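Below is one structure, written out as structure tokens; comments come after it.
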Amino acid sequence: MKPEQLKQLRKERGFTREELAQFLGGCTASAIVKWEDGDRSIPAWVEEKMFSTVPVTLPLDELGQLLDLARE
């Protein structure tokens with residue numbers, strides 16, 4: 001994950017850096033600043049947690065169609 005991707009995901013989810021730190025657990029807002037600025041590499045566990053909790057905003061009928069396609 002690139003620093004700008006983390007920042008974009010944080011903003012899309014409406015998190016401040018403090019709120020993201022609380023959501024992730026095990027880090028601080030200052031660590032997030034360093035990750036977003038590219039001063040430190042983003043740990044793999046952060047990327048995993050960010051992508052494993054992506055909100056789904058599709059209408060139910062479209063979600064059902066995707067599920068049907070996945071089953072095929």
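Within each chain, counting starts at residue 1; across the structure tokens, chains are named A, B, ... in the order shown, with ligands numbered 1 upward in that order.
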Residues of range 6-27 of chain A at most 10 Å from range 47-62 of chain A: nearest atom pair and distance in Å, only C-alpha atoms, as a Markdown table:
```
| residue | atom | partner | partner_atom | distance |
| --- | --- | --- | --- | --- |
| A:Leu6 | CA | A:Glu47 | CA | 8.0 |
| A:Leu9 | CA | A:Met50 | CA | 7.8 |
| A:Arg10 | CA | A:Met50 | CA | 8.8 |
| A:Arg13 | CA | A:Pro55 | CA | 8.5 |
| A:Leu20 | CA | A:Met50 | CA | 9.7 |
| A:Phe23 | CA | A:Lys49 | CA | 9.4 |
| A:Leu24 | CA | A:Lys49 | CA | 7.2 |
```
Near Trp35 in chain A, counting only C-alpha atoms, which residues have an atom at most 9 Å away, once you skip same-chain residues fewer than 4 positions from it, shown as an NGL selection string?
:A and (2-3 or 6-7 or 30-31 or 39-43)
Those residues with all heavy atoms, as a CSV table (one decimal), in the first residue's frame please?
```
chain,number,residue,atom,x,y,z
A,2,LYS,N,0.5,2.2,-0.8
A,2,LYS,CA,1.3,3.4,-0.9
A,2,LYS,C,0.7,4.4,0.1
A,2,LYS,O,-0.5,4.3,0.4
A,2,LYS,CB,1.2,4.0,-2.3
A,2,LYS,CG,1.9,3.1,-3.4
A,2,LYS,CD,1.8,3.7,-4.7
A,2,LYS,CE,2.4,2.8,-5.7
A,2,LYS,NZ,2.3,3.3,-7.1
A,3,PRO,N,1.5,5.4,0.5
A,3,PRO,CA,1.0,6.4,1.5
A,3,PRO,C,-0.3,7.1,1.0
A,3,PRO,O,-1.2,7.3,1.8
A,3,PRO,CB,2.2,7.4,1.6
A,3,PRO,CG,3.4,6.6,1.3
A,3,PRO,CD,2.9,5.6,0.2
A,6,LEU,N,-3.4,5.0,1.6
A,6,LEU,CA,-3.9,5.0,3.0
A,6,LEU,C,-4.6,6.2,3.3
A,6,LEU,O,-5.7,6.2,3.9
A,6,LEU,CB,-2.7,4.8,3.9
A,6,LEU,CG,-3.0,4.9,5.4
A,6,LEU,CD1,-4.0,3.7,5.8
A,6,LEU,CD2,-1.8,4.8,6.3
A,7,LYS,N,-4.1,7.4,2.9
A,7,LYS,CA,-4.8,8.7,3.1
A,7,LYS,C,-6.1,8.7,2.4
A,7,LYS,O,-7.1,9.2,3.0
A,7,LYS,CB,-3.9,9.8,2.6
A,7,LYS,CG,-4.4,11.2,3.0
A,7,LYS,CD,-3.3,12.2,2.6
A,7,LYS,CE,-3.7,13.6,3.2
A,7,LYS,NZ,-2.6,14.6,2.9
A,30,SER,N,0.1,9.8,15.3
A,30,SER,CA,1.5,10.2,14.8
A,30,SER,C,2.1,9.2,13.9
A,30,SER,O,2.8,9.5,13.0
A,30,SER,CB,2.4,10.6,16.0
A,30,SER,OG,2.7,9.5,16.8
A,31,ALA,N,1.8,7.9,14.2
A,31,ALA,CA,2.3,6.8,13.3
A,31,ALA,C,1.6,7.0,11.9
A,31,ALA,O,2.3,6.8,10.9
A,31,ALA,CB,2.1,5.5,13.9
A,39,ASP,N,7.2,8.7,5.5
A,39,ASP,CA,8.4,8.7,6.4
A,39,ASP,C,8.7,7.3,6.9
A,39,ASP,O,9.8,7.0,7.3
A,39,ASP,CB,8.3,9.7,7.5
A,39,ASP,CG,8.2,11.1,7.0
A,39,ASP,OD1,8.7,11.4,5.9
A,39,ASP,OD2,7.6,12.0,7.8
A,40,ARG,N,7.7,6.5,7.0
A,40,ARG,CA,7.8,5.1,7.5
A,40,ARG,C,7.0,4.2,6.6
A,40,ARG,O,5.9,4.6,6.1
A,40,ARG,CB,7.3,5.0,8.9
A,40,ARG,CG,8.2,5.5,9.9
A,40,ARG,CD,7.9,5.0,11.3
A,40,ARG,NE,8.8,5.6,12.3
A,40,ARG,CZ,8.5,5.6,13.6
A,40,ARG,NH1,7.4,5.1,14.0
A,40,ARG,NH2,9.4,6.1,14.4
A,41,SER,N,7.4,3.0,6.4
A,41,SER,CA,6.6,2.1,5.6
A,41,SER,C,5.4,1.6,6.4
A,41,SER,O,5.4,1.5,7.6
A,41,SER,CB,7.5,0.8,5.2
A,41,SER,OG,7.9,0.2,6.3
A,42,ILE,N,4.3,1.4,5.6
A,42,ILE,CA,3.1,1.0,6.2
A,42,ILE,C,3.1,-0.5,6.5
A,42,ILE,O,3.4,-1.3,5.6
A,42,ILE,CB,1.9,1.3,5.3
A,42,ILE,CG1,1.9,2.8,5.0
A,42,ILE,CG2,0.5,0.8,5.8
A,42,ILE,CD1,0.9,3.2,3.9
A,43,PRO,N,2.9,-0.9,7.7
A,43,PRO,CA,2.9,-2.4,8.1
A,43,PRO,C,1.9,-3.2,7.3
A,43,PRO,O,0.8,-2.7,7.0
A,43,PRO,CB,2.6,-2.4,9.6
A,43,PRO,CG,2.9,-1.0,10.1
A,43,PRO,CD,2.6,-0.1,8.9
```
Please identify which residues in chain A DSSP calls helix (DSSP H, G or I) from the backbone, and express them as a VMD selection string.
chain A and resid 3 to 12 17 to 24 29 to 37 44 to 52 60 to 71
